[in-house]
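Read the structure below first, then the notes.
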Amino acid sequence: MKQIDFTQYEYQDELERLRHEYQFDFAGIALPIEDHVATKIKWRYVSGNLNDRYQRIVLRHGRGVAGNVMKTGKPMIISDATADDIQNTLFNFPIIMSEALTSLLAIPLWHNHRVKGVLLFGQRAHKPLPPIAQNISKIKGIGNLTSEDKVMT
C-alpha cells in the first residue's frame with residue numbers, strides 16, 4: 001500500500017485556522033512515523049501549544065489518546081480530564097499532562113479506509129468544549145485526510 005506524502009499539504013496553516021474557527025485552546029495532528037500497524041505515533045503538527053514537550057511523546061497503537069483513536073477508529077471525547085477516572089490513569093495520556101488540557105475531542109483521520117492520523121482539539125482551565133464537539137460530523141477532516149471512513153474521489 002502506498003504511503004501518504006504529508007508534505008503535499010499545509011497541515012500547519014489549516015490546523016491554526018481550525019483551532020481559531022472552532023475556538024479551542026489547543027489543536028494537534030498525530031501521525032504514524034511509518035505506514036504499518038506496529039508503528040509509533042507522534043504529534044507532528046500543533047497549534048496553541050504551551051511548550052515543546054509534545055515533540056517527545058511517542059505512542060504505540062492503542063496507547064494514549066491518539067493511539068486509542070487510531071486503534072478503534074472512533075472519536076474520543078473527554079469533557080472533564082480532571083475527573084478521578086482520568087486522573088488515576090493520567091500517565092496513559094501524556095498530551096493531557098504536557099498541554100494542561102482539561103477537556104478534549106479527538107477524531108480519527110481516514111485515508112483509503114484506514115485510520116492514518118488523529119486530529120485533536122483541547123481546552124484548558126476548565127473551559128467547556130465548544131458546540132462543535134456535539135456535532136463532530138461538521139469537522140470534515142484536514143488536507144487529504146477525512147474525518148469519516150469514505151472513498152476519496
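Residues are referred to by chain and number: the chain letter is A, B, ... according to the order shown in the C-alpha cells, the number counts from 1 in that chain, and ligands are numbered separately from 1 in the order shown.
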I need the residues in segment 78-129 of chain A that are strand (DSSP E) according to DSSP; give them as an NGL selection string.
:A and (78 or 101-111 or 114-124)
Okay, now the selection with C-alpha atoms, as an mmCIF file, in the first residue's frame?
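Here's the written file result_35.cif:
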data_model
loop_
_atom_site.group_PDB
_atom_site.id
_atom_site.type_symbol
_atom_site.label_atom_id
_atom_site.label_comp_id
_atom_site.auth_asym_id
_atom_site.auth_seq_id
_atom_site.Cartn_x
_atom_site.Cartn_y
_atom_site.Cartn_z
ATOM 1 C CA ILE A 78 -13.142 13.714 27.396
ATOM 2 C CA LEU A 101 -5.763 20.067 28.887
ATOM 3 C CA THR A 102 -8.951 19.841 30.924
ATOM 4 C CA SER A 103 -11.177 18.624 28.074
ATOM 5 C CA LEU A 104 -10.592 17.315 24.580
ATOM 6 C CA LEU A 105 -12.036 15.963 21.390
ATOM 7 C CA ALA A 106 -10.014 13.530 19.244
ATOM 8 C CA ILE A 107 -11.141 12.480 15.779
ATOM 9 C CA PRO A 108 -9.724 9.697 13.582
ATOM 10 C CA LEU A 109 -8.406 10.822 10.195
ATOM 11 C CA TRP A 110 -9.043 8.367 7.375
ATOM 12 C CA HIS A 111 -7.416 7.684 4.018
ATOM 13 C CA ARG A 114 -7.585 3.136 7.119
ATOM 14 C CA VAL A 115 -7.018 5.446 10.055
ATOM 15 C CA LYS A 116 -3.895 7.407 9.163
ATOM 16 C CA GLY A 117 -3.894 10.029 11.893
ATOM 17 C CA VAL A 118 -5.713 11.796 14.706
ATOM 18 C CA LEU A 119 -6.976 15.363 14.889
ATOM 19 C CA LEU A 120 -7.176 16.542 18.495
ATOM 20 C CA PHE A 121 -8.727 19.707 19.895
ATOM 21 C CA GLY A 122 -8.408 20.614 23.564
ATOM 22 C CA GLN A 123 -9.383 23.202 26.142
ATOM 23 C CA ARG A 124 -7.550 24.412 29.238
#
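The space between atom CA of His20 of chain A and atom CA of Val58 of chain A spans 26.4 Å.
For the set A:Gly48, A:Pro32, A:Gly73, A:Gly62, the residue with the smallest atom-to-atom gap to Leu18 of chain A is A:Gly48, counting only C-alpha atoms.
Proximity ranking of A:Asn92, A:Asn49, A:Asp85, A:Thr39 relative to Arg19 of chain A places A:Asn49 first, based on only C-alpha atoms.
Using only C-alpha atoms for every distance, the candidate list A:Ile57, A:Lys74, A:Phe24, A:Ala83 yields A:Phe24 as the residue closest to Ala133 of chain A.
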